[in-house]
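K.L.:
So I've got this file, protein.cif, and it contains mmCIF, C-alpha atoms:
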data_coords
loop_
_atom_site.group_PDB
_atom_site.id
_atom_site.type_symbol
_atom_site.label_atom_id
_atom_site.label_comp_id
_atom_site.auth_asym_id
_atom_site.auth_seq_id
_atom_site.Cartn_x
_atom_site.Cartn_y
_atom_site.Cartn_z
ATOM 1 C CA VAL P 101 10.881 0.460 11.930
ATOM 2 C CA GLN P 102 11.428 2.661 8.883
ATOM 3 C CA LEU P 103 9.261 2.452 5.787
ATOM 4 C CA VAL P 104 10.196 3.768 2.345
ATOM 5 C CA GLU P 105 7.686 3.735 -0.492
ATOM 6 C CA SER P 106 8.572 3.893 -4.179
ATOM 7 C CA GLY P 107 7.036 3.264 -7.573
ATOM 8 C CA GLY P 108 4.554 6.091 -7.840
ATOM 9 C CA GLY P 109 4.251 8.244 -10.920
ATOM 10 C CA LEU P 110 2.042 9.542 -13.691
ATOM 11 C CA VAL P 111 0.095 7.060 -15.804
ATOM 12 C CA GLN P 112 -2.820 7.203 -18.201
ATOM 13 C CA ALA P 113 -6.158 5.675 -17.319
ATOM 14 C CA GLY P 114 -6.071 1.953 -17.959
ATOM 15 C CA GLY P 115 -2.363 1.768 -17.235
ATOM 16 C CA SER P 116 -0.446 -0.002 -14.479
ATOM 17 C CA LEU P 117 1.991 0.820 -11.702
ATOM 18 C CA ARG P 118 3.758 -1.255 -9.087
ATOM 19 C CA LEU P 119 4.349 0.259 -5.663
ATOM 20 C CA SER P 120 6.978 -0.987 -3.225
ATOM 21 C CA CYS P 121 7.399 -0.448 0.506
ATOM 22 C CA ALA P 122 10.736 -1.432 2.000
ATOM 23 C CA ALA P 123 10.789 -1.939 5.767
ATOM 24 C CA SER P 124 13.926 -1.822 7.869
ATOM 25 C CA GLY P 125 14.643 -2.138 11.551
ATOM 26 C CA SER P 126 13.233 -4.598 14.081
ATOM 27 C CA ILE P 127 10.588 -6.243 11.908
ATOM 28 C CA GLY P 128 9.809 -9.383 13.878
ATOM 29 C CA SER P 129 7.802 -12.349 12.620
ATOM 30 C CA ARG P 130 4.161 -11.512 13.403
ATOM 31 C CA ASN P 131 2.968 -8.303 11.826
ATOM 32 C CA ALA P 132 0.803 -6.838 9.118
ATOM 33 C CA MET P 133 1.348 -4.293 6.379
ATOM 34 C CA ALA P 134 -1.108 -2.267 4.391
ATOM 35 C CA TRP P 135 -1.547 0.413 1.777
ATOM 36 C CA TYR P 136 -3.636 3.471 2.387
ATOM 37 C CA ARG P 137 -4.244 6.430 0.108
ATOM 38 C CA GLN P 138 -5.269 10.039 0.449
ATOM 39 C CA GLY P 139 -6.610 12.095 -2.424
ATOM 40 C CA ALA P 140 -6.518 15.866 -2.426
ATOM 41 C CA GLY P 141 -9.071 17.204 0.042
ATOM 42 C CA LYS P 142 -10.087 13.711 1.125
ATOM 43 C CA GLU P 143 -9.677 11.548 4.180
ATOM 44 C CA ARG P 144 -7.008 8.875 4.176
ATOM 45 C CA GLU P 145 -8.603 5.563 3.204
ATOM 46 C CA TRP P 146 -7.546 1.959 3.528
ATOM 47 C CA VAL P 147 -6.737 0.142 0.280
ATOM 48 C CA ALA P 148 -5.375 -3.319 1.092
ATOM 49 C CA THR P 149 -3.771 -5.375 3.860
ATOM 50 C CA ILE P 150 -1.422 -8.344 3.944
ATOM 51 C CA THR P 151 -0.366 -10.179 7.089
ATOM 52 C CA SER P 152 2.987 -11.838 7.710
ATOM 53 C CA SER P 153 1.283 -15.175 6.992
ATOM 54 C CA GLY P 154 0.045 -13.925 3.616
ATOM 55 C CA THR P 155 -3.626 -13.282 4.317
ATOM 56 C CA THR P 156 -4.912 -10.437 2.158
ATOM 57 C CA ASP P 157 -7.905 -8.138 2.119
ATOM 58 C CA TYR P 158 -8.955 -5.347 -0.240
ATOM 59 C CA ALA P 159 -11.236 -2.362 -0.335
ATOM 60 C CA ASP P 160 -14.166 -2.914 -2.689
ATOM 61 C CA SER P 161 -12.991 -0.037 -4.879
ATOM 62 C CA VAL P 162 -9.785 -1.859 -5.861
ATOM 63 C CA LYS P 163 -10.808 -5.536 -5.823
ATOM 64 C CA GLY P 164 -9.927 -7.233 -9.070
ATOM 65 C CA ARG P 165 -7.552 -4.417 -10.096
ATOM 66 C CA PHE P 166 -4.942 -4.231 -7.315
ATOM 67 C CA THR P 167 -2.868 -7.101 -5.927
ATOM 68 C CA ILE P 168 -0.948 -6.823 -2.669
ATOM 69 C CA SER P 169 2.017 -9.084 -1.955
ATOM 70 C CA ARG P 170 5.121 -9.212 0.219
ATOM 71 C CA ASP P 171 8.565 -10.719 0.310
ATOM 72 C CA ASN P 172 9.234 -11.531 3.952
ATOM 73 C CA ALA P 173 12.866 -12.359 3.278
ATOM 74 C CA GLU P 174 13.406 -8.847 1.894
ATOM 75 C CA ASN P 175 10.929 -7.148 4.273
ATOM 76 C CA THR P 176 9.262 -5.549 1.297
ATOM 77 C CA MET P 177 5.600 -5.154 0.401
ATOM 78 C CA PHE P 178 4.295 -4.563 -3.096
ATOM 79 C CA MET P 179 1.085 -3.519 -4.739
ATOM 80 C CA GLN P 180 0.465 -4.174 -8.403
ATOM 81 C CA MET P 181 -2.130 -1.706 -9.660
ATOM 82 C CA ASN P 182 -3.791 -2.472 -12.984
ATOM 83 C CA ASN P 183 -6.557 -0.773 -14.929
ATOM 84 C CA LEU P 184 -5.914 2.451 -13.060
ATOM 85 C CA LYS P 185 -8.651 5.075 -12.982
ATOM 86 C CA PRO P 186 -8.455 8.846 -12.435
ATOM 87 C CA GLU P 187 -10.147 8.319 -9.059
ATOM 88 C CA ASP P 188 -7.129 6.265 -7.970
ATOM 89 C CA THR P 189 -5.081 9.482 -7.962
ATOM 90 C CA ALA P 190 -3.726 9.952 -4.445
ATOM 91 C CA VAL P 191 -0.691 9.811 -2.239
ATOM 92 C CA TYR P 192 -0.226 6.159 -1.324
ATOM 93 C CA TYR P 193 1.088 5.356 2.140
ATOM 94 C CA CYS P 194 2.574 2.185 3.533
ATOM 95 C CA ARG P 195 1.659 1.133 7.061
ATOM 96 C CA PHE P 196 3.319 -1.487 9.279
ATOM 97 C CA TRP P 197 1.929 -2.659 12.584
ATOM 98 C CA ARG P 198 2.182 -5.319 15.221
ATOM 99 C CA LEU P 199 1.061 -5.558 18.812
ATOM 100 C CA GLY P 200 1.984 -2.261 20.438
ATOM 101 C CA ASP P 201 3.615 -0.645 17.376
ATOM 102 C CA ASN P 202 2.358 1.288 14.376
ATOM 103 C CA TYR P 203 4.454 2.954 11.652
ATOM 104 C CA TRP P 204 3.779 4.930 8.474
ATOM 105 C CA GLY P 205 5.866 5.739 5.437
ATOM 106 C CA GLN P 206 6.149 9.169 3.846
ATOM 107 C CA GLY P 207 3.994 8.327 0.843
ATOM 108 C CA THR P 208 4.380 8.154 -2.920
ATOM 109 C CA GLN P 209 2.252 10.102 -5.389
ATOM 110 C CA VAL P 210 0.167 8.260 -7.961
ATOM 111 C CA THR P 211 -1.489 10.378 -10.635
ATOM 112 C CA VAL P 212 -3.825 8.858 -13.213
ATOM 113 C CA SER P 213 -4.729 11.045 -16.165
ATOM 114 C CA SER P 214 -7.956 10.602 -18.111
#
How does the structure come out when it is put into structure tokens?
P.N.:
Amino acid sequence: VQLVESGGGLVQAGGSLRLSCAASGSIGSRNAMAWYRQGAGKEREWVATITSSGTTDYADSVKGRFTISRDNAENTMFMQMNNLKPEDTAVYYCRFWRLGDNYWGQGTQVTVSS
């Protein structure tokens, strides 16, 4: 499975961005996808998860501001990020996993200026 993220960029505080993660290869029907992020000098942290059945979960720090979604027909995951804050600045990574497999994308930079 290959994962390619896109949609990162530079935005002012309070602005919005929409990230995409396109998956290709042997996707299968039962899996989960998630966004993680890693700020400079920080540990990688989980942001949000969505399963193939559409169940979602969010880190407390992004609840109410970020929305994760996916298009199973296109094997693509999205994350709409609203009301961005400078502390959201990080490289955002896409993760795909299922029983016995785990894959990561290369990441896309999100920078929020104050």
K.L.:
Just so the selection is clear, what residues does the PyMOL selection byres ((chain P and resi 155-172) around 12) cover here, as a CSV table (one decimal) with C-alpha atoms, in the frame of the given file?
P.N.:
chain,number,residue,atom,x,y,z
P,114,GLY,CA,-6.1,2.0,-18.0
P,115,GLY,CA,-2.4,1.8,-17.2
P,116,SER,CA,-0.4,0.0,-14.5
P,117,LEU,CA,2.0,0.8,-11.7
P,118,ARG,CA,3.8,-1.3,-9.1
P,119,LEU,CA,4.3,0.3,-5.7
P,120,SER,CA,7.0,-1.0,-3.2
P,121,CYS,CA,7.4,-0.4,0.5
P,122,ALA,CA,10.7,-1.4,2.0
P,123,ALA,CA,10.8,-1.9,5.8
P,124,SER,CA,13.9,-1.8,7.9
P,127,ILE,CA,10.6,-6.2,11.9
P,128,GLY,CA,9.8,-9.4,13.9
P,129,SER,CA,7.8,-12.3,12.6
P,130,ARG,CA,4.2,-11.5,13.4
P,131,ASN,CA,3.0,-8.3,11.8
P,132,ALA,CA,0.8,-6.8,9.1
P,133,MET,CA,1.3,-4.3,6.4
P,134,ALA,CA,-1.1,-2.3,4.4
P,135,TRP,CA,-1.5,0.4,1.8
P,136,TYR,CA,-3.6,3.5,2.4
P,137,ARG,CA,-4.2,6.4,0.1
P,145,GLU,CA,-8.6,5.6,3.2
P,146,TRP,CA,-7.5,2.0,3.5
P,147,VAL,CA,-6.7,0.1,0.3
P,148,ALA,CA,-5.4,-3.3,1.1
P,149,THR,CA,-3.8,-5.4,3.9
P,150,ILE,CA,-1.4,-8.3,3.9
P,151,THR,CA,-0.4,-10.2,7.1
P,152,SER,CA,3.0,-11.8,7.7
P,153,SER,CA,1.3,-15.2,7.0
P,154,GLY,CA,0.0,-13.9,3.6
P,173,ALA,CA,12.9,-12.4,3.3
P,174,GLU,CA,13.4,-8.8,1.9
P,175,ASN,CA,10.9,-7.1,4.3
P,176,THR,CA,9.3,-5.5,1.3
P,177,MET,CA,5.6,-5.2,0.4
P,178,PHE,CA,4.3,-4.6,-3.1
P,179,MET,CA,1.1,-3.5,-4.7
P,180,GLN,CA,0.5,-4.2,-8.4
P,181,MET,CA,-2.1,-1.7,-9.7
P,182,ASN,CA,-3.8,-2.5,-13.0
P,183,ASN,CA,-6.6,-0.8,-14.9
P,184,LEU,CA,-5.9,2.5,-13.1
P,185,LYS,CA,-8.7,5.1,-13.0
P,187,GLU,CA,-10.1,8.3,-9.1
P,188,ASP,CA,-7.1,6.3,-8.0
P,194,CYS,CA,2.6,2.2,3.5
K.L.:
Can you tell me, as a JSON list (two decimals) with C-alpha atoms, in the frame of the given file, what residues are no more than 8 Å from P:Ser214 when counting all atoms listed in the file, ignoring any on the same chain fewer than 6 positions away?
P.N.:
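Now in out-v1.json:
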[["chain", "number", "residue", "atom", "x", "y", "z"],
["P", 112, "GLN", "CA", -2.82, 7.20, -18.20],
["P", 113, "ALA", "CA", -6.16, 5.68, -17.32],
["P", 185, "LYS", "CA", -8.65, 5.08, -12.98],
["P", 186, "PRO", "CA", -8.46, 8.85, -12.44]]
K.L.:
Grab the atom CA of P:Val101 to atom CA of P:Thr208 distance for me, in Å with one decimal place.
P.N.:
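Computing the Euclidean distance for atom CA of P:Val101 and atom CA of P:Thr208 yields 17.9 Å.
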K.L.:
Could you tell me which residues the PyMOL selection byres ((chain P and resi 205) around 9) grabs in this file, written as an NGL selection string?
P.N.:
:P and (102-105 or 121 or 193-196 or 203-204 or 206-208)
K.L.:
If the box runs along x, y and z of the file and leaves 5 Å on each side of stretch 151-168 of chain P, what are its centre and edge lengths in Å, one decimal, as JSON?
P.N.:
{"center_x": -5.6, "center_y": -7.6, "center_z": -1.2, "size_x": 27.2, "size_y": 25.1, "size_z": 27.8}
K.L.:
Could you please determine the separation between atom CA of P:Gly109 and atom CA of P:Ser126 in Å, to one decimal place?
P.N.:
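It comes out at 29.5 Å.
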K.L.:
Would you compute the distance between atom CA of P:Glu143 and atom CA of P:Trp197? Give it in Å to one decimal.
P.N.:
20.2 Å
K.L.:
Write out as a list in words which residues come within 8 Å of P:Gln138 when counting all atoms listed in the file, dropping same-chain ones fewer than 3 positions away.
P.N.:
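Residues near the query, excluding close chain neighbours: Lys142, Glu143, Arg144, Glu145, Ala190, Val191 and Tyr192 of chain P.
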K.L.:
Restricted to C-alpha atoms, what would the selected residues look like written as a PDB file, in the frame of the given file?
P.N.:
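Wrote selection.pdb, looks like this:
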ATOM      1  CA  LYS P 142     -10.087  13.711   1.125  1.00  0.00           C
ATOM      2  CA  GLU P 143      -9.677  11.548   4.180  1.00  0.00           C
ATOM      3  CA  ARG P 144      -7.008   8.875   4.176  1.00  0.00           C
ATOM      4  CA  GLU P 145      -8.603   5.563   3.204  1.00  0.00           C
ATOM      5  CA  ALA P 190      -3.726   9.952  -4.445  1.00  0.00           C
ATOM      6  CA  VAL P 191      -0.691   9.811  -2.239  1.00  0.00           C
ATOM      7  CA  TYR P 192      -0.226   6.159  -1.324  1.00  0.00           C
TER       8      TYR P 192
END
